[in-house]
Structure formats: C-alpha cells, structure tokens
>>> print(open('coords_5.pdb').read())   # PDB, C-alpha atoms, pLDDT in the B column
MODEL        1
ATOM      1  CA  MET W  11       0.000   0.000   0.000  1.00 53.00           C
ATOM      2  CA  LEU W  12       1.529   3.283  -1.125  1.00 56.00           C
ATOM      3  CA  PRO W  13       0.638   6.672   0.364  1.00 56.00           C
ATOM      4  CA  GLU W  14      -1.397   9.171  -1.597  1.00 57.00           C
ATOM      5  CA  PRO W  15       1.003  11.588  -3.345  1.00 65.00           C
ATOM      6  CA  SER W  16      -0.269  14.532  -1.277  1.00 76.00           C
ATOM      7  CA  ARG W  17       0.439  13.119   2.186  1.00 85.00           C
ATOM      8  CA  ALA W  18       3.308  11.773   4.246  1.00 91.00           C
ATOM      9  CA  PRO W  19       3.595   7.999   4.620  1.00 93.00           C
ATOM     10  CA  ARG W  20       1.891   6.707   7.763  1.00 95.00           C
ATOM     11  CA  ALA W  21       3.124   4.231  10.337  1.00 96.00           C
ATOM     12  CA  LEU W  22       1.318   2.676  13.279  1.00 97.00           C
ATOM     13  CA  ILE W  23       3.325   1.457  16.263  1.00 97.00           C
ATOM     14  CA  ALA W  24       1.638  -1.136  18.480  1.00 97.00           C
ATOM     15  CA  ASP W  25       3.881  -1.883  21.449  1.00 95.00           C
ATOM     16  CA  LYS W  26       3.248  -2.214  25.175  1.00 93.00           C
ATOM     17  CA  ASP W  27       6.551  -0.502  26.038  1.00 93.00           C
ATOM     18  CA  PRO W  28       6.059   3.286  26.092  1.00 94.00           C
ATOM     19  CA  ASP W  29       9.797   3.964  25.776  1.00 93.00           C
ATOM     20  CA  HIS W  30      10.062   1.810  22.680  1.00 91.00           C
ATOM     21  CA  ARG W  31       6.989   3.485  21.141  1.00 94.00           C
ATOM     22  CA  GLU W  32       8.480   6.920  21.786  1.00 94.00           C
ATOM     23  CA  VAL W  33      11.922   6.119  20.335  1.00 92.00           C
ATOM     24  CA  LEU W  34      10.489   4.473  17.232  1.00 93.00           C
ATOM     25  CA  ALA W  35       7.962   7.287  16.720  1.00 95.00           C
ATOM     26  CA  SER W  36      10.653   9.962  16.973  1.00 94.00           C
ATOM     27  CA  ARG W  37      12.883   8.157  14.457  1.00 92.00           C
ATOM     28  CA  LEU W  38      10.029   7.762  11.986  1.00 94.00           C
ATOM     29  CA  THR W  39       8.805  11.343  12.450  1.00 95.00           C
ATOM     30  CA  ALA W  40      12.335  12.615  11.799  1.00 93.00           C
ATOM     31  CA  GLN W  41      12.209  10.795   8.451  1.00 91.00           C
ATOM     32  CA  GLY W  42       8.939  12.455   7.449  1.00 93.00           C
ATOM     33  CA  TRP W  43       6.458   9.803   8.554  1.00 95.00           C
ATOM     34  CA  GLU W  44       3.133  10.551  10.212  1.00 97.00           C
ATOM     35  CA  VAL W  45       2.972   8.249  13.244  1.00 97.00           C
ATOM     36  CA  ARG W  46       0.353   6.984  15.664  1.00 98.00           C
ATOM     37  CA  SER W  47       1.054   4.727  18.625  1.00 97.00           C
ATOM     38  CA  VAL W  48      -1.130   2.299  20.560  1.00 97.00           C
ATOM     39  CA  MET W  49      -0.547  -0.323  23.233  1.00 95.00           C
ATOM     40  CA  SER W  50      -3.194  -3.015  22.656  1.00 96.00           C
ATOM     41  CA  GLY W  51      -4.431  -5.220  19.875  1.00 96.00           C
ATOM     42  CA  ASP W  52      -7.938  -3.757  19.886  1.00 96.00           C
ATOM     43  CA  ALA W  53      -6.524  -0.244  19.619  1.00 97.00           C
ATOM     44  CA  ALA W  54      -4.243  -1.344  16.775  1.00 96.00           C
ATOM     45  CA  LEU W  55      -7.123  -2.806  14.764  1.00 94.00           C
ATOM     46  CA  ALA W  56      -9.197   0.351  15.273  1.00 95.00           C
ATOM     47  CA  ALA W  57      -6.261   2.598  14.363  1.00 95.00           C
ATOM     48  CA  VAL W  58      -5.580   0.702  11.138  1.00 94.00           C
ATOM     49  CA  ARG W  59      -9.187   1.231  10.035  1.00 92.00           C
ATOM     50  CA  GLY W  60      -9.178   4.957  10.796  1.00 93.00           C
ATOM     51  CA  PHE W  61      -5.556   5.985  10.236  1.00 94.00           C
ATOM     52  CA  GLN W  62      -4.812   3.722   7.227  1.00 93.00           C
ATOM     53  CA  PRO W  63      -1.045   3.324   7.680  1.00 95.00           C
ATOM     54  CA  GLU W  64       1.274   1.907   5.030  1.00 93.00           C
ATOM     55  CA  VAL W  65       3.168  -0.045   7.688  1.00 94.00           C
ATOM     56  CA  VAL W  66       2.363  -1.389  11.149  1.00 95.00           C
ATOM     57  CA  PHE W  67       5.201  -2.039  13.593  1.00 95.00           C
ATOM     58  CA  LEU W  68       3.706  -4.695  15.823  1.00 94.00           C
ATOM     59  CA  ASP W  69       4.948  -6.254  19.055  1.00 92.00           C
ATOM     60  CA  PRO W  70       3.553  -9.808  19.093  1.00 90.00           C
ATOM     61  CA  THR W  71       3.165  -9.697  22.882  1.00 90.00           C
ATOM     62  CA  ILE W  72       0.744  -6.756  23.069  1.00 93.00           C
ATOM     63  CA  PRO W  73      -2.454  -7.616  24.942  1.00 93.00           C
ATOM     64  CA  GLN W  74      -6.103  -7.867  23.887  1.00 92.00           C
ATOM     65  CA  PRO W  75      -5.628  -9.606  21.389  1.00 93.00           C
ATOM     66  CA  SER W  76      -1.988 -10.526  20.867  1.00 91.00           C
ATOM     67  CA  GLY W  77       0.051  -9.006  18.093  1.00 90.00           C
ATOM     68  CA  TYR W  78       0.099 -12.368  16.331  1.00 88.00           C
ATOM     69  CA  LEU W  79      -3.695 -12.367  16.129  1.00 92.00           C
ATOM     70  CA  VAL W  80      -3.749  -8.715  15.055  1.00 93.00           C
ATOM     71  CA  CYS W  81      -1.309  -9.550  12.237  1.00 91.00           C
ATOM     72  CA  ALA W  82      -3.417 -12.511  11.099  1.00 90.00           C
ATOM     73  CA  LYS W  83      -6.578 -10.367  11.120  1.00 91.00           C
ATOM     74  CA  LEU W  84      -4.892  -7.606   9.120  1.00 91.00           C
ATOM     75  CA  LYS W  85      -3.694 -10.104   6.526  1.00 87.00           C
ATOM     76  CA  LEU W  86      -6.892 -12.157   6.366  1.00 84.00           C
ATOM     77  CA  PHE W  87      -8.160 -10.528   3.177  1.00 69.00           C
ATOM     78  CA  GLY W  88      -4.781  -9.835   1.584  1.00 69.00           C
ATOM     79  CA  ALA W  89      -4.985  -6.054   1.264  1.00 69.00           C
ATOM     80  CA  GLY W  90      -3.805  -3.697   3.934  1.00 82.00           C
ATOM     81  CA  PRO W  91      -0.638  -2.382   5.492  1.00 92.00           C
ATOM     82  CA  ALA W  92       2.709  -4.093   5.601  1.00 92.00           C
ATOM     83  CA  VAL W  93       3.235  -5.668   9.026  1.00 92.00           C
ATOM     84  CA  VAL W  94       6.609  -5.729  10.743  1.00 91.00           C
ATOM     85  CA  LEU W  95       6.685  -7.985  13.807  1.00 90.00           C
ATOM     86  CA  MET W  96       9.252  -6.664  16.272  1.00 89.00           C
ATOM     87  CA  THR W  97      10.312  -8.521  19.364  1.00 83.00           C
ATOM     88  CA  SER W  98      13.278  -9.085  21.632  1.00 78.00           C
ATOM     89  CA  ARG W  99      12.872 -12.852  21.116  1.00 76.00           C
ATOM     90  CA  ALA W 100      13.484 -14.854  17.984  1.00 69.00           C
ATOM     91  CA  ILE W 101      10.415 -15.585  15.876  1.00 69.00           C
ATOM     92  CA  HIS W 102      10.496 -18.740  13.802  1.00 63.00           C
ATOM     93  CA  PRO W 103      10.191 -17.725  10.132  1.00 65.00           C
ATOM     94  CA  CYS W 104       7.458 -20.325   9.515  1.00 66.00           C
ATOM     95  CA  PHE W 105       5.339 -18.877  12.320  1.00 68.00           C
ATOM     96  CA  ALA W 106       5.764 -15.337  11.018  1.00 71.00           C
ATOM     97  CA  GLU W 107       4.708 -16.572   7.580  1.00 76.00           C
ATOM     98  CA  VAL W 108       1.621 -18.335   8.974  1.00 75.00           C
ATOM     99  CA  VAL W 109       0.327 -15.124  10.603  1.00 82.00           C
ATOM    100  CA  GLY W 110       1.176 -13.130   7.469  1.00 82.00           C
ATOM    101  CA  ALA W 111       3.997 -10.901   8.697  1.00 84.00           C
ATOM    102  CA  ASP W 112       5.861  -9.098   5.943  1.00 87.00           C
ATOM    103  CA  GLN W 113       9.007  -8.760   8.052  1.00 87.00           C
ATOM    104  CA  THR W 114      10.365  -9.649  11.471  1.00 84.00           C
ATOM    105  CA  LEU W 115      12.866  -7.521  13.353  1.00 84.00           C
ATOM    106  CA  ARG W 116      14.674  -8.039  16.624  1.00 84.00           C
ATOM    107  CA  LYS W 117      14.554  -5.294  19.246  1.00 83.00           C
ATOM    108  CA  PRO W 118      16.179  -2.979  19.838  1.00 81.00           C
ATOM    109  CA  LEU W 119      15.567  -1.469  16.425  1.00 81.00           C
ATOM    110  CA  THR W 120      18.716   0.247  15.232  1.00 83.00           C
ATOM    111  CA  ALA W 121      18.597   3.064  12.695  1.00 83.00           C
ATOM    112  CA  GLU W 122      19.844   0.606  10.052  1.00 85.00           C
ATOM    113  CA  LYS W 123      17.135  -1.987  10.807  1.00 84.00           C
ATOM    114  CA  LEU W 124      14.480   0.697  10.738  1.00 85.00           C
ATOM    115  CA  GLN W 125      15.687   2.031   7.393  1.00 84.00           C
ATOM    116  CA  VAL W 126      15.441  -1.435   5.837  1.00 81.00           C
ATOM    117  CA  ALA W 127      11.992  -1.994   7.349  1.00 81.00           C
ATOM    118  CA  ILE W 128      10.501   1.232   6.023  1.00 80.00           C
ATOM    119  CA  ALA W 129      12.133   0.913   2.602  1.00 80.00           C
ATOM    120  CA  ARG W 130      10.556  -2.468   1.796  1.00 71.00           C
ATOM    121  CA  PRO W 131       6.876  -1.724   2.534  1.00 60.00           C
ATOM    122  CA  THR W 132       6.929   1.569   0.638  1.00 46.00           C
ATOM    123  CA  GLN W 133       8.289   0.054  -2.563  1.00 43.00           C
ATOM    124  CA  ALA W 134       5.699  -0.587  -5.255  1.00 36.00           C
ATOM    125  CA  ALA W 135       4.711  -4.225  -5.457  1.00 34.00           C
TER     126      ALA W 135
ENDMDL
END
>>> encode(input="coords_5.pdb", output="structure tokens")
Amino acid sequence: MLPEPSRAPRALIADKDPDHREVLASRLTAQGWEVRSVMSGDAALAAVRGFQPEVVFLDPTIPQPSGYLVCAKLKLFGAGPAVVLMTSRAIHPCFAEVVGADQTLRKPLTAEKLQVAIARPTQAA
C-alpha cells in the first residue's frame, strides 16, 4: 500500500513498552512519517481502520488480542498495510509466515534496521 502523493507515509506502532513506542515514533517522524502509537491489539485494529497506515510495527506480545492475532486479522483478506513484527525474542520464520507478517525484526531497532523496514513496505509491489 503506497501513500497518496499529497500526504506523508503513515506508520502505526503497536507496542506495550512506552519507551520503545516513543523512540520508534521519533525516528520515523524525523524521516517524514506521520505516526500513531497504541498499546493493545484492539486499539491497533481500530487505528488501522481509521488511520490507514502503510506499515504497522507490531509487538507480538501486546495484549487484547496478541500481536500475532492482530497480524493474522490484518492479513486475512490480503490487502492492507505491511506488518513488521518486532520482538526481543526470535520468531520462527514459519510462524511469522503463517500469521502473514511481511518482516520480522529483533529489538532494539537500530537506525539501520528501521531504514530497511521502512524501505521495503513503501516500494511498489
């Protein structure tokens, strides 16, 4: 999903750690992204519908429902934002594929990892 030419690309951050949300949001904002942050699965699903981000940075361990379930719901019908699962633990590639994640990244997200993550979803398919 590409942004409309007249607006900045949008990213949604769904993470239960407020410090991580703040750091990631400031890095994305500095690169020209419009960012919203949430800390639960229900809030993430609602934000995707209203905010329509190009990419969702999703912690699989967020509550109500888990980030894995949020990812699966977002990918259920094929269209929608790119989903980057980000966690401090390893995620088996097969599991990430089953829930439909476009990418997986290990925390902490360095500037280099973030640059790779935002470059892939914004490229035309």
>>> residues_around(input="coords_5.pdb", residues="Ala127 of chain W", least_positions_apart="2", cutoff="12 Å", atoms="all atoms listed in the file", output="list in words")
Ala21, Leu34, Leu38, Glu64, Val65, Val66, Phe67, Ala92, Val93, Val94, Leu95, Met96, Asp112, Gln113, Thr114, Leu115, Arg116, Leu119, Thr120, Ala121, Glu122, Lys123, Leu124, Gln125, Ala129, Arg130, Pro131, Thr132 and Gln133 of chain W
>>> residues_around(input="coords_5.pdb", residues="Ala56 of chain W", least_positions_apart="4", cutoff="12 Å", atoms="all atoms listed in the file", output="PyMOL selection string")
chain W and resi 22+24+46-52+60-63+80+83-84
>>> write_last_selection(input="coords_5.pdb", atoms="C-alpha atoms", output="compact mmCIF listing (two decimals), in the coordinates of the input")
# COMPACT_ATOMS: atom_id res chain seq x y z
CA LEU W 22 1.32 2.68 13.28
CA ALA W 24 1.64 -1.14 18.48
CA ARG W 46 0.35 6.98 15.66
CA SER W 47 1.05 4.73 18.62
CA VAL W 48 -1.13 2.30 20.56
CA MET W 49 -0.55 -0.32 23.23
CA SER W 50 -3.19 -3.02 22.66
CA GLY W 51 -4.43 -5.22 19.88
CA ASP W 52 -7.94 -3.76 19.89
CA GLY W 60 -9.18 4.96 10.80
CA PHE W 61 -5.56 5.98 10.24
CA GLN W 62 -4.81 3.72 7.23
CA PRO W 63 -1.04 3.32 7.68
CA VAL W 80 -3.75 -8.72 15.06
CA LYS W 83 -6.58 -10.37 11.12
CA LEU W 84 -4.89 -7.61 9.12
>>> closest_residue(input="coords_5.pdb", among="W:Ala53, W:Ala35, W:Ala40, W:Val126", to="Gly77 of chain W", atoms="all atoms listed in the file")
W:Ala53
>>> resolve_selection(input="coords_5.pdb", expression="the PyMOL selection byres ((chain W and resi 18) around 6)", output="ChimeraX atom specification")
/W:17,19,43
>>> atom_distance(input="coords_5.pdb", atom1="atom CA of Cys81 of chain W", atom2="atom CA of Ser16 of chain W")
27.6 Å
>>> atom_distance(input="coords_5.pdb", atom1="atom CA of Ser98 of chain W", atom2="atom CA of Pro118 of chain W")
7.0 Å
>>> closest_residue(input="coords_5.pdb", among="W:Val45, W:Ala54, W:Leu68, W:Leu79", to="Lys117 of chain W", atoms="all atoms listed in the file")
W:Leu68
>>> axis_aligned_box(input="coords_5.pdb", around="segment 106-121 of chain W", padding_each_side="4 Å", output="AutoDock Vina command-line options")
--center_x 9.5 --center_y -7.6 --center_z 12.9 --size_x 26.4 --size_y 29.4 --size_z 21.9
>>> atom_distance(input="coords_5.pdb", atom1="atom CA of Val109 of chain W", atom2="atom CA of Pro28 of chain W")
24.7 Å
>>> resolve_selection(input="coords_5.pdb", expression="the PyMOL selection byres ((chain W and resi 26) around 6)", output="PDB file with C-alpha atoms, keeping the file's coordinate frame")
ATOM      1  CA  ASP W  25       3.881  -1.883  21.449  1.00 95.00           C
ATOM      2  CA  ASP W  27       6.551  -0.502  26.038  1.00 93.00           C
ATOM      3  CA  MET W  49      -0.547  -0.323  23.233  1.00 95.00           C
ATOM      4  CA  ILE W  72       0.744  -6.756  23.069  1.00 93.00           C
TER       5      ILE W  72
END
